[in-house]
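Participant: Sharing a structure, written as structure tokens. Questions coming.
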Amino acid sequence: MGWIQYEKVKWLQNNNPEVPGLVYKLTPTEEKVRKLKKVRDLWQDIIEVQEIRDVFTGQPVKKKKYDIDHFIPWSFVMNDELWNLMPMDASLNSSKSNRLPKWNPFFQNFAQNQYLMYQMIYDDMGIYKRFKGCYKDNLHSIWAGQELYRKGNSKEMFYNILEKNIIPVYDSARRQGYEIWDYS
């Protein structure tokens with residue numbers, strides 16, 4: 001039975017390439033456990049030493065008074081990959097819900113926070129250890145490990161790698177009917 005299910009999922013994914021994480025969408029709800037604690041711990045350590053601004057408001061993220069949210073909704077990607085996660089104001093998180101943020105200007109703000117995290121990983125051994133702790137649950141994308149988070153990326157290289165890999169997922173979500181969140 002396991003082999004039949006595996007072959008079915010392979011067929012479905014091959015015939016639905018614009019649906020990321022199809023295998024996860026077919027598993028029972030109780031198996032879709034969110035794994036954000038280590039990411040939250042990582043961002044908390046960063047916020048202790050570096051001001052991080054909310055992607056949408058531009059205001060500083062307050063220590064212990066924020067949510068970890070997905071730039072591209074979890075309901076679409078069905079994973080908790082570090083490259084798609086950000087700290088944000090808790091009340092805005094519920095307002096955003098399962099919608100996409102406008103690409104401009106919010107992607108640049110999101111990429112800035114991701115780059116600040118990237119810099120801190122290599123500047124602070126404690127933060128580096130937190131980052132390594134995210135590997136099991138939050139770093140599965142090969143491109144993220146081999147390109148995005150490799151040591152030595154300039155800011156421009158980092159932004160380009162992130163954009164090159166996230167925009168097709170964003171565009172796919174748009175084509176699948178995900179609404180744009182109108183944050184004004």
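We label chains A, B, ... in the order they appear in the structure tokens, count residues from 1 in each chain, and number ligands from 1 in the order shown.
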Need the shell around region 82-84 of chain A: protein/DNA/RNA residues with any atom at most 10 Å away, counting only C-alpha atoms. Skip same-chain ones fewer than 5 positions apart. Format as a list in words?
Facilitator: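 The filter keeps Leu36, Lys38, Val39, Asp69, His70, Phe71, Ile72, Pro73, Trp74, Val77, Phe110, Ala111, Gln114, Phe131, Cys134, Tyr135, Asp137, Asn138, Leu139, His140, Ser141, Ala144, Gly145, Leu148, Tyr149, Leu162, Asn165 and Ile166 of chain A.
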Participant: Could the residues in this selection be saved with N, CA and C atoms as a tab-separated table (two decimals), in the first residue's frame?
Facilitator:
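Output file result.tsv is given in full below:
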```tsv
chain	number	residue	atom	x	y	z
A	36	LEU	N	8.20	25.87	14.38
A	36	LEU	CA	8.69	27.24	14.35
A	36	LEU	C	9.49	27.63	15.60
A	38	LYS	N	12.42	26.70	16.92
A	38	LYS	CA	13.85	26.98	16.74
A	38	LYS	C	14.07	28.23	15.89
A	39	VAL	N	13.19	28.47	14.95
A	39	VAL	CA	13.28	29.70	14.15
A	39	VAL	C	12.99	30.91	15.04
A	69	ASP	N	6.02	34.46	10.83
A	69	ASP	CA	5.06	34.27	9.74
A	69	ASP	C	5.79	33.90	8.46
A	70	HIS	N	5.03	33.40	7.52
A	70	HIS	CA	5.54	33.01	6.21
A	70	HIS	C	5.31	34.16	5.23
A	71	PHE	N	6.33	34.53	4.48
A	71	PHE	CA	6.16	35.54	3.44
A	71	PHE	C	5.15	35.01	2.41
A	72	ILE	N	5.40	33.81	1.88
A	72	ILE	CA	4.43	33.12	1.03
A	72	ILE	C	3.66	32.20	1.97
A	73	PRO	N	2.33	32.26	1.97
A	73	PRO	CA	1.55	31.54	2.97
A	73	PRO	C	1.89	30.05	3.11
A	74	TRP	N	1.85	29.62	4.35
A	74	TRP	CA	2.10	28.21	4.68
A	74	TRP	C	1.11	27.31	3.95
A	77	VAL	N	2.83	26.73	0.52
A	77	VAL	CA	4.12	26.03	0.48
A	77	VAL	C	4.14	24.78	1.35
A	110	PHE	N	11.65	42.29	3.30
A	110	PHE	CA	11.81	40.91	3.72
A	110	PHE	C	13.25	40.45	3.46
A	111	ALA	N	13.76	40.73	2.27
A	111	ALA	CA	15.13	40.33	1.92
A	111	ALA	C	16.15	41.01	2.83
A	114	GLN	N	16.18	39.08	6.03
A	114	GLN	CA	16.84	37.80	5.80
A	114	GLN	C	18.36	38.00	5.71
A	131	PHE	N	21.15	28.85	14.33
A	131	PHE	CA	20.93	28.59	12.91
A	131	PHE	C	21.10	27.11	12.61
A	134	CYS	N	18.28	24.88	13.34
A	134	CYS	CA	17.13	24.94	12.44
A	134	CYS	C	17.23	23.92	11.30
A	135	TYR	N	18.40	23.31	11.12
A	135	TYR	CA	18.60	22.41	9.98
A	135	TYR	C	17.56	21.30	9.91
A	137	ASP	N	14.43	20.93	10.95
A	137	ASP	CA	13.03	21.24	10.64
A	137	ASP	C	12.83	22.39	9.65
A	138	ASN	N	13.83	23.22	9.42
A	138	ASN	CA	13.58	24.45	8.68
A	138	ASN	C	14.55	24.74	7.53
A	139	LEU	N	15.41	23.80	7.22
A	139	LEU	CA	16.36	24.00	6.12
A	139	LEU	C	16.45	22.75	5.26
A	140	HIS	N	15.45	22.57	4.38
A	140	HIS	CA	15.43	21.39	3.52
A	140	HIS	C	15.70	21.73	2.06
A	141	SER	N	15.51	22.96	1.67
A	141	SER	CA	15.72	23.35	0.28
A	141	SER	C	17.21	23.33	-0.03
A	144	ALA	N	18.86	26.67	-0.72
A	144	ALA	CA	19.10	27.53	0.44
A	144	ALA	C	20.41	27.16	1.12
A	145	GLY	N	20.63	25.87	1.31
A	145	GLY	CA	21.85	25.42	1.96
A	145	GLY	C	23.10	25.62	1.13
A	148	LEU	N	22.11	30.21	-0.76
A	148	LEU	CA	21.66	31.36	0.02
A	148	LEU	C	22.45	31.53	1.31
A	149	TYR	N	22.58	30.47	2.08
A	149	TYR	CA	23.21	30.58	3.40
A	149	TYR	C	24.69	30.20	3.41
A	162	LEU	N	17.91	34.87	-3.29
A	162	LEU	CA	16.60	34.77	-2.64
A	162	LEU	C	15.48	35.06	-3.64
A	165	ASN	N	14.84	32.40	-6.38
A	165	ASN	CA	14.21	31.16	-5.91
A	165	ASN	C	12.82	31.36	-5.33
A	166	ILE	N	12.51	32.55	-4.85
A	166	ILE	CA	11.21	32.75	-4.22
A	166	ILE	C	10.17	33.30	-5.19
```
Participant: I'd like the neighbourhood of Ser91 (chain A) as a PyMOL selection string, where a residue qualifies if any of its atoms comes within 10 Å (using only C-alpha atoms), though same-chain residues fewer than 5 positions away should be ignored.
Facilitator: chain A and resi 66-67+96
Participant: For Arg34 (chain A), which residue among A:Met78, A:Thr57, A:Glu48, A:Met125 is the nearest when counting only C-alpha atoms?
Facilitator: A:Met78
Participant: Tell me which of A:Tyr122, A:Trp143, A:Tyr128, A:Tyr115 sits closest to Glu81 (chain A), counting only C-alpha atoms.
Facilitator: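 So, comparing all the options, the nearest one is A:Trp143.
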Participant: Write down as JSON, numbers by chain the residues belonging to chain A that are assigned strand (DSSP E or B) by DSSP computed on the backbone.
Facilitator: {"A": [53, 60, 66, 67, 68, 69, 70, 85, 86, 87, 88, 89, 100, 101, 180, 181]}
Participant: Export, as a PDB file, in the first residue's frame, the selected residues with C-alpha atoms.
Facilitator:
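Written file, part_26.pdb:
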```
ATOM      1  CA  ARG A  53      12.181  46.163  11.441  1.00  0.00           C
ATOM      2  CA  PRO A  60      11.187  47.828  15.191  1.00  0.00           C
ATOM      3  CA  TYR A  66       5.905  39.160  17.542  1.00  0.00           C
ATOM      4  CA  ASP A  67       4.845  36.147  15.502  1.00  0.00           C
ATOM      5  CA  ILE A  68       6.894  34.142  13.054  1.00  0.00           C
ATOM      6  CA  ASP A  69       5.063  34.265   9.740  1.00  0.00           C
ATOM      7  CA  HIS A  70       5.541  33.013   6.208  1.00  0.00           C
ATOM      8  CA  LEU A  85       9.940  33.000   7.542  1.00  0.00           C
ATOM      9  CA  MET A  86      10.000  36.414   9.190  1.00  0.00           C
ATOM     10  CA  PRO A  87       9.198  38.045  12.502  1.00  0.00           C
ATOM     11  CA  MET A  88       6.187  40.324  12.277  1.00  0.00           C
ATOM     12  CA  ASP A  89       3.656  42.155  14.400  1.00  0.00           C
ATOM     13  CA  LEU A 100       0.426  37.226  -0.317  1.00  0.00           C
ATOM     14  CA  PRO A 101       2.070  40.543   0.491  1.00  0.00           C
ATOM     15  CA  ILE A 180      -2.729  39.985  -2.525  1.00  0.00           C
ATOM     16  CA  TRP A 181      -2.978  41.381   0.989  1.00  0.00           C
TER      17      TRP A 181
END
```
Participant: Name the residues of region 39-153 of chain A that fall into alpha helix (DSSP H) according to DSSP on the backbone, using the chain letters and numbers of this document, as a VMD selection string.
Facilitator: chain A and resid 39 to 49 74 to 77 90 to 96 103 to 123 125 to 133 135 to 138 142 to 143
Participant: Nearest to Gly177 (chain A) among A:Asn98, A:Gly126, A:Lys62, A:Val55, with distances taken over only C-alpha atoms: which residue is it?
Facilitator: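 Distance minimum relative to Gly177 (chain A) lands on A:Asn98.
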Participant: Which residues, written as a list in words, have at least one atom at most 8 Å from Ile127 (chain A), with only C-alpha atoms counted and residues fewer than 4 positions away on the same chain left out?
Facilitator: Leu42, Asp45, Ile46, Met120, Ile121 and Phe131 of chain A
Participant: Report, in Å with one decimal, the straight-line distance from CA of Asn79 (chain A) to CA of Ile142 (chain A).
Facilitator: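 Those two atoms sit 14.0 Å apart.
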Participant: Env of Phe56 (chain A): 8 Å cut, atoms = only C-alpha atoms, seq-sep filter 3 positions within chain, self excluded. Answer as a PyMOL selection string.
Facilitator: chain A and resi 88+106+109+183
Participant: Export, as a PDB file, in the first residue's frame, the selected residues with N, CA and C atoms.
Facilitator:
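The result, stored in part01.pdb:
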```pdb
ATOM      1  N   MET A  88       7.087  39.222  12.620  1.00  0.00           N
ATOM      2  CA  MET A  88       6.187  40.324  12.277  1.00  0.00           C
ATOM      3  C   MET A  88       5.209  40.575  13.414  1.00  0.00           C
ATOM      4  N   PHE A 106       7.472  45.130  -0.351  1.00  0.00           N
ATOM      5  CA  PHE A 106       7.674  44.243   0.789  1.00  0.00           C
ATOM      6  C   PHE A 106       8.761  43.195   0.588  1.00  0.00           C
ATOM      7  N   ASN A 109      12.047  44.634   1.818  1.00  0.00           N
ATOM      8  CA  ASN A 109      12.104  44.674   3.287  1.00  0.00           C
ATOM      9  C   ASN A 109      12.342  43.278   3.859  1.00  0.00           C
ATOM     10  N   TYR A 183      -2.221  45.765   2.479  1.00  0.00           N
ATOM     11  CA  TYR A 183      -1.788  46.469   3.671  1.00  0.00           C
ATOM     12  C   TYR A 183      -1.504  47.903   3.285  1.00  0.00           C
TER      13      TYR A 183
END
```
Participant: One decimal, Å: what's the distance from CA of Gln146 (chain A) over to CA of Val61 (chain A), could you say?
Facilitator: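 Distance reported for this atom pair: 29.1 Å.
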Participant: Hey, can you check how far CA of Asn113 (chain A) sits from CA of Arg175 (chain A)?
Facilitator: 26.6 Å
Participant: Just checking: using only C-alpha atoms, which residue out of A:Glu156, A:Asp124, A:Glu147, A:Glu163 ends up closest to Phe107 (chain A)?
Facilitator: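 That would be A:Glu163, the residue with the smallest distance to Phe107 (chain A).
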